[in-house]
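**Student:** So that you have it, the file is protein.cif, and it contains mmCIF, C-alpha atoms:
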data_data
loop_
_atom_site.label_atom_id
_atom_site.label_comp_id
_atom_site.auth_asym_id
_atom_site.auth_seq_id
_atom_site.Cartn_x
_atom_site.Cartn_y
_atom_site.Cartn_z
CA MET A 23 19.72 13.70 -143.35
CA ARG A 24 16.01 12.90 -143.20
CA LEU A 25 16.85 9.22 -143.02
CA PHE A 26 19.28 9.89 -140.20
CA ARG A 27 16.68 11.86 -138.27
CA PHE A 28 14.14 9.12 -138.80
CA ALA A 29 16.60 6.50 -137.56
CA LEU A 30 17.47 8.70 -134.62
CA ALA A 31 13.81 9.14 -133.81
CA LEU A 32 13.20 5.39 -133.89
CA VAL A 33 16.19 4.60 -131.71
CA ALA A 34 15.44 7.37 -129.22
CA LEU A 35 11.75 6.57 -129.04
CA GLY A 36 12.44 2.91 -128.47
CA THR A 37 15.11 3.60 -125.89
CA LEU A 38 13.10 6.20 -123.99
CA SER A 39 9.84 4.32 -123.94
CA CYS A 40 11.41 1.02 -122.94
CA SER A 41 13.81 2.40 -120.38
CA ARG A 42 11.12 4.54 -118.76
CA ALA A 43 8.88 1.55 -118.24
CA SER A 44 11.64 -0.59 -116.84
CA SER A 45 12.90 2.03 -114.42
CA HIS A 46 9.59 2.29 -112.55
CA ASP A 47 8.43 -1.25 -112.13
CA GLU A 48 9.36 -4.85 -112.59
CA ARG A 49 7.23 -5.49 -115.64
CA PRO A 50 8.95 -6.18 -118.93
CA ALA A 51 10.11 -2.93 -120.50
CA CYS A 52 8.16 -3.49 -123.71
CA PRO A 53 5.73 -6.30 -123.01
CA GLU A 54 3.97 -5.98 -126.33
CA LEU A 55 7.25 -6.60 -128.11
CA ASP A 56 8.46 -9.26 -125.75
CA ALA A 57 5.28 -11.24 -125.78
CA GLY A 58 4.57 -10.80 -129.47
CA ARG A 59 0.89 -10.20 -128.76
CA PRO A 60 -1.17 -11.73 -131.55
CA VAL A 61 -3.52 -9.52 -133.52
CA ASP A 62 -7.04 -10.87 -133.69
CA PRO A 63 -7.86 -11.40 -137.40
CA ALA A 64 -11.58 -11.11 -136.68
CA LEU A 65 -11.01 -7.70 -135.11
CA LEU A 66 -8.89 -6.57 -138.04
CA ALA A 67 -11.56 -7.74 -140.48
CA PHE A 68 -14.27 -5.89 -138.54
CA LEU A 69 -12.24 -2.67 -138.44
CA SER A 70 -11.58 -2.92 -142.15
CA ARG A 71 -15.28 -3.51 -142.82
CA ALA A 72 -16.20 -0.54 -140.66
CA ARG A 73 -13.75 1.71 -142.49
CA SER A 74 -15.23 0.67 -145.82
CA ALA A 75 -18.81 1.18 -144.62
CA HIS A 76 -18.07 4.69 -143.39
CA HIS A 77 -16.25 5.47 -146.63
CA VAL A 78 -19.26 4.36 -148.69
CA ALA A 79 -21.56 6.37 -146.37
CA ASP A 80 -19.35 9.45 -146.96
CA GLY A 81 -19.97 9.22 -150.69
CA LEU A 82 -23.70 8.67 -150.29
CA GLU A 83 -24.01 11.57 -147.84
CA GLU A 84 -22.24 13.85 -150.30
CA GLN A 85 -24.82 12.84 -152.89
CA LYS A 86 -27.57 13.57 -150.35
CA GLN A 87 -28.64 9.94 -150.40
CA LEU A 88 -29.07 9.88 -146.65
CA ASP A 89 -31.38 6.85 -146.57
CA ARG A 90 -28.84 4.73 -148.39
CA ALA A 91 -26.03 6.00 -146.17
CA VAL A 92 -28.02 4.95 -143.10
CA ALA A 93 -28.69 1.53 -144.65
CA VAL A 94 -24.99 0.91 -145.26
CA LEU A 95 -24.12 1.82 -141.66
CA GLU A 96 -26.94 -0.27 -140.23
CA GLU A 97 -25.56 -3.28 -142.09
CA LEU A 98 -22.34 -2.77 -140.17
CA LEU A 99 -24.24 -2.81 -136.88
CA LYS A 100 -25.95 -6.08 -137.76
CA GLY A 101 -22.62 -7.86 -137.79
CA PRO A 102 -20.84 -10.18 -137.79
CA LEU A 103 -18.95 -8.86 -134.78
CA PRO A 104 -15.75 -10.18 -133.20
CA GLY A 105 -16.37 -12.23 -130.08
CA GLY A 106 -16.14 -10.64 -126.65
CA GLN A 107 -16.82 -7.14 -127.96
CA PRO A 108 -13.39 -5.62 -127.26
CA THR A 109 -13.12 -1.89 -126.61
CA GLU A 110 -12.29 -1.11 -130.24
CA VAL A 111 -15.49 -2.78 -131.41
CA ARG A 112 -17.66 -0.95 -128.89
CA GLU A 113 -16.06 2.33 -129.90
CA VAL A 114 -16.71 1.70 -133.59
CA LEU A 115 -20.30 0.67 -132.92
CA SER A 116 -21.04 3.69 -130.72
CA ASP A 117 -19.42 6.01 -133.26
CA THR A 118 -21.48 4.42 -136.02
CA ARG A 119 -24.67 4.91 -133.99
CA ALA A 120 -23.73 8.57 -133.48
CA ARG A 121 -23.36 8.96 -137.23
CA ILE A 122 -26.65 7.24 -137.99
CA ALA A 123 -28.37 9.51 -135.45
CA ASP A 124 -26.91 12.53 -137.22
CA LEU A 125 -28.13 11.28 -140.60
CA GLU A 126 -31.57 10.32 -139.28
CA SER A 127 -32.07 13.74 -137.71
CA GLN A 128 -31.16 15.37 -141.03
CA ARG A 129 -34.07 13.36 -142.46
CA GLY A 130 -36.34 14.62 -139.69
CA ARG A 131 -36.49 11.19 -138.00
CA PHE A 132 -35.75 12.41 -134.50
CA GLU A 133 -37.10 9.43 -132.59
CA GLU A 134 -34.95 7.04 -134.64
CA ALA A 135 -31.99 9.31 -134.02
CA GLU A 136 -32.59 9.31 -130.26
CA ARG A 137 -32.93 5.52 -130.23
CA HIS A 138 -29.48 5.15 -131.85
CA LEU A 139 -27.98 7.67 -129.44
CA GLN A 140 -29.31 5.83 -126.43
CA GLN A 141 -27.95 2.52 -127.74
CA GLY A 142 -24.61 4.18 -128.40
CA LEU A 143 -24.49 5.54 -124.86
CA ASP A 144 -25.21 2.04 -123.55
CA LEU A 145 -22.07 0.89 -125.39
CA ALA A 146 -19.86 3.83 -124.39
CA ARG A 147 -20.38 4.03 -120.65
CA GLU A 148 -16.92 5.25 -119.72
CA THR A 149 -15.60 8.80 -119.98
CA THR A 150 -14.28 8.64 -123.52
CA TYR A 151 -14.26 10.79 -126.61
CA PHE A 152 -16.97 8.53 -128.05
CA ARG A 153 -19.37 9.13 -125.17
CA GLY A 154 -18.77 12.87 -125.44
CA HIS A 155 -19.35 12.71 -129.18
CA LEU A 156 -22.69 10.95 -128.67
CA TYR A 157 -23.82 13.85 -126.45
CA GLU A 158 -22.56 16.32 -129.04
CA VAL A 159 -24.70 14.62 -131.70
CA ARG A 160 -27.65 14.56 -129.29
CA GLY A 161 -27.26 18.33 -129.08
CA LEU A 162 -27.37 18.57 -132.88
CA VAL A 163 -30.41 16.31 -133.06
CA GLU A 164 -32.30 18.39 -130.49
CA GLU A 165 -31.28 21.63 -132.18
CA ARG A 166 -32.69 20.36 -135.47
CA ARG A 167 -35.80 19.19 -133.71
CA SER A 168 -36.18 22.62 -132.12
CA LYS A 169 -35.92 24.33 -135.50
CA GLU A 170 -38.49 22.04 -137.03
CA LEU A 171 -40.92 22.57 -134.15
CA SER A 172 -40.35 26.30 -134.34
CA ALA A 173 -41.09 26.27 -138.07
CA LYS A 174 -44.32 24.46 -137.32
CA GLY A 175 -45.26 27.17 -134.85
CA ASP A 176 -44.91 25.04 -131.72
CA LYS A 177 -42.87 27.56 -129.76
CA GLY A 178 -43.13 25.84 -126.39
CA ALA A 179 -41.93 22.46 -127.64
CA ALA A 180 -39.24 24.21 -129.68
CA GLU A 181 -37.92 25.93 -126.57
CA THR A 182 -37.92 22.64 -124.66
CA ALA A 183 -35.93 20.97 -127.45
CA LYS A 184 -33.53 23.90 -127.49
CA GLN A 185 -32.89 23.55 -123.77
CA ARG A 186 -32.29 19.82 -124.26
CA ALA A 187 -29.80 20.70 -127.01
CA LEU A 188 -27.95 23.12 -124.75
CA GLY A 189 -27.86 20.57 -121.95
CA ALA A 190 -26.50 17.89 -124.30
CA PHE A 191 -23.78 20.19 -125.67
CA GLU A 192 -22.75 21.12 -122.14
CA GLU A 193 -22.64 17.47 -121.10
CA SER A 194 -20.50 16.77 -124.16
CA MET A 195 -18.09 19.53 -123.16
CA LYS A 196 -17.86 18.21 -119.63
CA ILE A 197 -16.94 14.74 -120.87
CA GLN A 198 -14.42 15.93 -123.45
CA GLU A 199 -12.84 18.24 -120.88
CA GLN A 200 -12.39 15.25 -118.59
CA VAL A 201 -10.95 13.19 -121.47
CA ILE A 202 -8.31 15.88 -122.03
CA LYS A 203 -7.57 16.14 -118.31
CA ASN A 204 -7.15 12.38 -118.08
CA THR A 205 -4.79 12.31 -121.05
CA VAL A 206 -2.69 15.43 -120.50
CA PRO A 207 -1.49 15.60 -116.91
CA GLY A 208 -1.54 18.93 -115.11
CA ASP A 209 1.40 21.11 -114.22
CA LYS A 210 4.21 19.57 -112.30
CA PRO A 211 4.27 20.70 -108.66
CA MET G 7 -6.78 10.23 -137.90
CA PRO G 8 -6.14 13.85 -137.07
CA GLY G 9 -2.71 14.57 -135.84
CA GLY G 10 -1.24 11.23 -136.88
CA ARG G 11 1.17 12.35 -139.58
CA SER G 12 1.85 15.76 -138.05
CA GLY G 13 2.34 14.02 -134.72
CA SER G 14 5.13 11.85 -136.09
CA VAL G 15 6.80 14.85 -137.70
CA ARG G 16 6.55 16.69 -134.40
CA SER G 17 8.11 13.80 -132.54
CA THR G 18 11.01 13.70 -134.99
CA VAL G 19 11.66 17.39 -134.51
CA ALA G 20 11.43 17.03 -130.74
CA LEU G 21 13.87 14.16 -130.79
CA ALA G 22 16.27 16.09 -132.96
CA ALA G 23 16.16 18.87 -130.34
CA LEU G 24 16.84 16.32 -127.63
CA ALA G 25 19.73 14.86 -129.58
CA PHE G 26 21.19 18.31 -130.00
CA LEU G 27 20.85 19.16 -126.34
CA PHE G 28 22.37 15.93 -125.17
CA GLY G 29 24.94 15.96 -127.93
CA ALA G 30 26.17 19.51 -127.37
CA PRO G 31 27.97 18.85 -124.07
CA ALA G 32 29.76 15.91 -125.61
CA CYS G 33 31.12 18.27 -128.22
CA GLY G 34 32.64 20.48 -125.55
CA GLY G 35 29.76 22.87 -124.95
CA SER G 36 28.91 22.86 -121.29
CA GLY G 37 29.70 19.30 -120.41
CA ALA G 38 32.32 18.01 -118.07
CA PRO G 39 35.71 19.46 -118.85
CA ALA G 40 38.18 17.33 -120.64
CA GLN G 41 40.92 15.89 -118.54
CA ALA G 42 43.01 18.76 -117.18
CA PRO G 43 46.60 18.86 -118.25
CA SER G 44 48.80 17.38 -115.61
CA ALA G 45 51.26 19.58 -113.81
CA PRO G 46 54.74 19.38 -115.13
CA ALA G 47 56.91 17.00 -113.25
CA GLU G 48 59.47 18.77 -111.10
CA THR G 49 62.38 16.78 -112.22
CA GLY G 50 64.61 19.69 -112.85
CA GLU G 51 65.48 18.22 -116.17
CA PRO G 52 64.59 20.59 -118.98
CA GLY G 53 64.10 17.74 -121.35
CA THR G 54 61.19 16.29 -119.35
CA THR G 55 58.98 19.38 -119.76
CA THR G 56 56.56 18.70 -122.56
CA PRO G 57 55.82 21.27 -125.24
CA GLU G 58 52.13 21.27 -124.14
CA THR G 59 52.95 22.48 -120.65
CA GLN G 60 55.16 25.19 -122.02
CA GLN G 61 52.51 26.42 -124.42
CA GLY G 62 49.58 25.99 -122.12
CA TYR G 63 50.87 27.78 -119.06
CA GLY G 64 53.80 29.78 -120.38
CA GLN G 65 55.83 29.06 -117.28
CA PRO G 66 59.28 30.48 -117.51
CA SER G 67 61.62 27.63 -117.32
CA GLY G 68 63.95 29.52 -115.07
CA GLY G 69 66.10 32.58 -114.99
CA ALA G 70 68.71 30.93 -117.08
CA ALA G 71 66.39 30.35 -119.96
CA PRO G 72 66.38 33.03 -122.61
CA SER G 73 63.19 35.01 -123.07
CA PRO G 74 61.37 34.02 -126.19
CA ALA G 75 61.25 36.44 -129.03
CA PRO G 76 58.10 38.67 -129.16
CA ALA G 77 56.77 36.93 -132.26
CA ALA G 78 57.09 33.55 -130.64
CA THR G 79 55.27 34.79 -127.49
CA GLU G 80 52.32 36.04 -129.54
CA SER G 81 52.11 32.74 -131.33
CA MET G 82 51.98 30.85 -128.04
CA ASP G 83 49.37 33.22 -126.57
CA GLN G 84 47.08 32.50 -129.46
CA ARG G 85 47.17 28.83 -128.63
CA PHE G 86 46.23 29.31 -124.98
CA ALA G 87 43.02 27.67 -123.90
CA GLU G 88 40.04 30.00 -123.53
CA PRO G 89 39.17 30.93 -119.95
CA PRO G 90 36.48 28.79 -118.37
CA ALA G 91 32.90 29.97 -118.91
CA GLU G 92 32.37 30.37 -115.14
CA ALA G 93 35.13 32.96 -115.01
CA VAL G 94 33.69 35.03 -117.82
CA GLY G 95 29.98 34.37 -117.21
CA PRO G 96 27.49 33.37 -119.87
CA SER G 97 26.73 35.90 -122.55
CA GLU G 98 23.17 37.19 -122.81
CA GLY G 99 22.65 35.41 -126.12
CA ALA G 100 23.85 32.12 -124.72
CA ALA G 101 21.54 32.46 -121.73
CA THR G 102 18.57 33.09 -124.01
CA SER G 103 19.50 30.15 -126.18
CA LEU G 104 19.86 27.94 -123.15
CA GLU G 105 16.50 29.05 -121.81
CA ARG G 106 14.88 28.37 -125.15
CA ALA G 107 16.57 25.02 -125.44
CA LEU G 108 15.44 24.03 -121.96
CA GLY G 109 11.91 25.04 -122.87
CA GLU G 110 12.11 22.88 -125.98
CA LEU G 111 13.48 20.01 -123.93
CA ASP G 112 10.63 20.35 -121.46
CA ARG G 113 8.09 20.35 -124.26
CA ALA G 114 9.75 17.43 -126.02
CA GLU G 115 9.74 15.49 -122.77
CA ARG G 116 6.01 16.05 -122.37
CA GLU G 117 5.32 15.11 -125.99
CA LEU G 118 7.33 11.94 -125.63
CA GLY G 119 5.26 11.13 -122.57
CA LEU G 120 2.13 11.14 -124.72
CA ALA G 121 1.82 8.55 -127.42
CA GLY G 122 0.56 9.64 -130.83
CA SER G 123 -2.76 7.96 -130.16
CA ASP G 124 -3.15 9.98 -126.95
CA CYS G 125 -2.72 13.23 -128.82
CA SER G 126 -5.15 12.05 -131.45
CA VAL G 127 -7.79 11.57 -128.73
CA VAL G 128 -6.95 14.93 -127.14
CA CYS G 129 -7.28 16.72 -130.48
CA LYS G 130 -10.56 14.98 -131.28
CA ALA G 131 -11.94 15.84 -127.84
CA LEU G 132 -10.84 19.44 -128.31
CA GLY G 133 -12.51 19.54 -131.73
CA SER G 134 -15.72 18.26 -130.17
CA MET G 135 -15.53 20.96 -127.49
CA GLN G 136 -14.99 23.63 -130.14
CA ARG G 137 -18.04 22.49 -132.09
CA ALA G 138 -20.17 22.29 -128.94
CA THR G 139 -19.08 25.79 -127.88
CA GLU G 140 -20.01 27.12 -131.30
CA ARG G 141 -23.48 25.58 -131.04
CA ILE G 142 -24.00 26.76 -127.44
CA CYS G 143 -23.08 30.31 -128.39
CA SER G 144 -25.37 30.10 -131.39
CA LEU G 145 -28.32 28.90 -129.27
CA ALA G 146 -27.63 31.10 -126.23
CA PRO G 147 -25.49 34.02 -127.39
CA ASP G 148 -25.65 35.86 -124.05
CA THR G 149 -22.03 36.66 -123.21
CA SER G 150 -22.57 37.88 -119.64
CA ALA G 151 -20.26 36.47 -117.00
CA ASP G 152 -22.73 33.78 -115.97
CA GLY G 153 -24.04 33.19 -119.49
CA ARG G 154 -23.80 29.72 -121.02
CA CYS G 155 -21.79 30.95 -123.99
CA ARG G 156 -19.23 32.69 -121.78
CA ARG G 157 -18.89 29.65 -119.55
CA ALA G 158 -18.44 27.39 -122.58
CA ARG G 159 -15.75 29.68 -124.00
CA ASP G 160 -13.91 29.78 -120.67
CA ARG G 161 -14.05 26.02 -120.44
CA LEU G 162 -12.80 25.65 -124.00
CA GLY G 163 -9.94 28.10 -123.36
CA ALA G 164 -8.79 26.13 -120.33
CA ALA G 165 -8.99 22.86 -122.26
CA GLU G 166 -7.02 24.35 -125.16
CA GLY G 167 -4.31 25.50 -122.76
CA ARG G 168 -4.04 22.09 -121.22
CA ALA G 169 -4.05 20.30 -124.58
CA GLN G 170 -1.28 22.54 -125.90
CA ARG G 171 0.94 21.52 -123.01
CA GLY G 172 1.15 18.01 -124.41
CA CYS G 173 -0.02 18.08 -128.01
CA LYS G 174 -0.19 20.27 -131.07
CA CYS G 175 -3.75 20.15 -132.34
#
Could you show the structure in this file as structure tokens?

**Tutor:**
Amino acid sequence: MRLFRFALALVALGTLSCSRASSHDERPACPELDAGRPVDPALLAFLSRARSAHHVADGLEEQKQLDRAVAVLEELLKGPLPGGQPTEVREVLSDTRARIADLESQRGRFEEAERHLQQGLDLARETTYFRGHLYEVRGLVEERRSKELSAKGDKGAAETAKQRALGAFEESMKIQEQVIKNTVPGDKP
Amino acid sequence: MPGGRSGSVRSTVALAALAFLFGAPACGGSGAPAQAPSAPAETGEPGTTTPETQQGYGQPSGGAAPSPAPAATESMDQRFAEPPAEAVGPSEGAATSLERALGELDRAERELGLAGSDCSVVCKALGSMQRATERICSLAPDTSADGRCRRARDRLGAAEGRAQRGCKC
């Protein structure tokens, strides 16, 4: 029964997706199947390397070895990178910079964290989850900075950092809200 | 990837619902009626009247024909076709089921319109909004109507509603 449902799902999905495309325009119904688009081996290798680097960083972060986790992720940033910097590569790089910023701020290195965030934002210029996530991490970084300044007795600077944190979180929400709106269409008229 | 595996399970369930909905009429549910029995030919020859027409409509074959025995009549009545649904009207249970099924169909249609990767992005974006709201409300817990926390919660609620129209996060 499960096999039947799986087969049914495959057939229906293929039929619906292909027929829907072909009924609206003159393009091939399933161009990616028709053309047999090649997969770039360099891109695959980079994505695999990125997955491994983040996995290693997970383990090091669990062991509180934040400096080593940062080092592993920075190696990923140094390359090699696939030519042309396709979207997937820019997304991985900006996400990696967001993670490094998070780790650096946990170590109290706020300026390093901000530098990575800015470089990540330069990579993720469009309204995507990744750009929103960078602002979310900026909010975390500024919140940590605010707490540290407050602990040092610098109330004014702490409040300024707190306001920057709030602004970054709100900017993050604005972007993610737009991402959802762009992906899930509104009610039918 | 969040939502990947659950997304495929969801799609399978949605497709099964679709298959059921489209399959039901073919099984005689509410689809086009099967070919209506043709009227008996007026040949005047008793031998040309088929048993189906006799059983289906119970037309007396004429004054000369003997009335069937009561037992035989009951047996024929039991084999009569059920009256059409339009004549009787849908039962309340059937209407509810139909409404529910149409709702499921609508939802399945929307889910099919979004690829699994789209829902993955939506769910990640929603997760990010939830975390940001939590932090905003921690930093500025004022819940007055124009407070930052209240505005963040309202924004999150609207985004959750929209996301749920296309994805299960």

**Student:** I'd like to know which of A:Glu96, A:Leu125, A:Ile197, A:Asp117 is closest to Glu84 (chain A), using only C-alpha atoms.

**Tutor:**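 Closest residue, counting only C-alpha atoms: A:Leu125.
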
**Student:** Can you turn the PyMOL selection byres ((chain A and resi 132) around 12) into a concrete residue list for this file, as a VMD selection string?

**Tutor:** chain A and resid 122 to 131 133 to 139 159 to 171 183

**Student:** Output the contact residues of chain A with respect to chain G at a cut-off of 7 Å, based on all atoms listed in the file, as a list in words.

**Tutor:**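 Here they are: Arg27, Phe28, Ala31, Tyr151, His155, Glu158, Leu188, Phe191, Met195, Gln198, Glu199, Val201, Ile202, Thr205 and Val206 of chain A.
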
**Student:** Deliver the residues from the most recent selection as a file, using C-alpha atoms, as a compact mmCIF listing (two decimals), in the frame of the given file.

**Tutor:**
# COMPACT_ATOMS: atom_id res chain seq x y z
CA ARG A 27 16.68 11.86 -138.27
CA PHE A 28 14.14 9.12 -138.80
CA ALA A 31 13.81 9.14 -133.81
CA TYR A 151 -14.26 10.79 -126.61
CA HIS A 155 -19.35 12.71 -129.18
CA GLU A 158 -22.56 16.32 -129.04
CA LEU A 188 -27.95 23.12 -124.75
CA PHE A 191 -23.78 20.19 -125.67
CA MET A 195 -18.09 19.53 -123.16
CA GLN A 198 -14.42 15.93 -123.45
CA GLU A 199 -12.84 18.24 -120.88
CA VAL A 201 -10.95 13.19 -121.47
CA ILE A 202 -8.31 15.88 -122.03
CA THR A 205 -4.79 12.31 -121.05
CA VAL A 206 -2.69 15.43 -120.50

**Student:** For the atom pair CA of Ala120 (chain A) and CA of Leu156 (chain A), what is the interatomic distance in Å to one decimal place?

**Tutor:**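 Between CA of Ala120 (chain A) and CA of Leu156 (chain A) the gap works out to 5.5 Å.
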
**Student:** If I take CA of Val111 (chain A) and CA of Ser70 (chain A), how far is one from the other in Å, to one decimal?

**Tutor:** 11.4 Å

**Student:** Evaluated on this file, the PyMOL selection byres ((chain A and resi 92) around 10) picks out some residues - which ones are they, written as a PyMOL selection string?

**Tutor:** chain A and resi 76+79+82-83+87-91+93-97+118-119+121-126

**Student:** Work out how far apart CA of Gly101 (chain A) and CA of Phe68 (chain A) are and give it in Å to one decimal.

**Tutor:**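 Going from CA of Gly101 (chain A) over to CA of Phe68 (chain A) covers 8.6 Å.
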
**Student:** Leaving out Asp144 (chain A) and any residue of its chain fewer than 6 positions from it, which residues lie within 10 Å of it when counting only C-alpha atoms, given as a list in words?

**Tutor:**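 Selected residues are Arg112, Ser116, His138 and Arg153 of chain A.
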
**Student:** Given 4 Å on each side, where is the centre and what are the edge lengths in Å to one decimal of the axis-aligned box enclosing the listed atoms of region 140-150 of chain A, as lines of an AutoDock Vina configuration file?

**Tutor:**
center_x = -21.8
center_y = 4.8
center_z = -124.1
size_x = 23.0
size_y = 15.9
size_z = 16.7
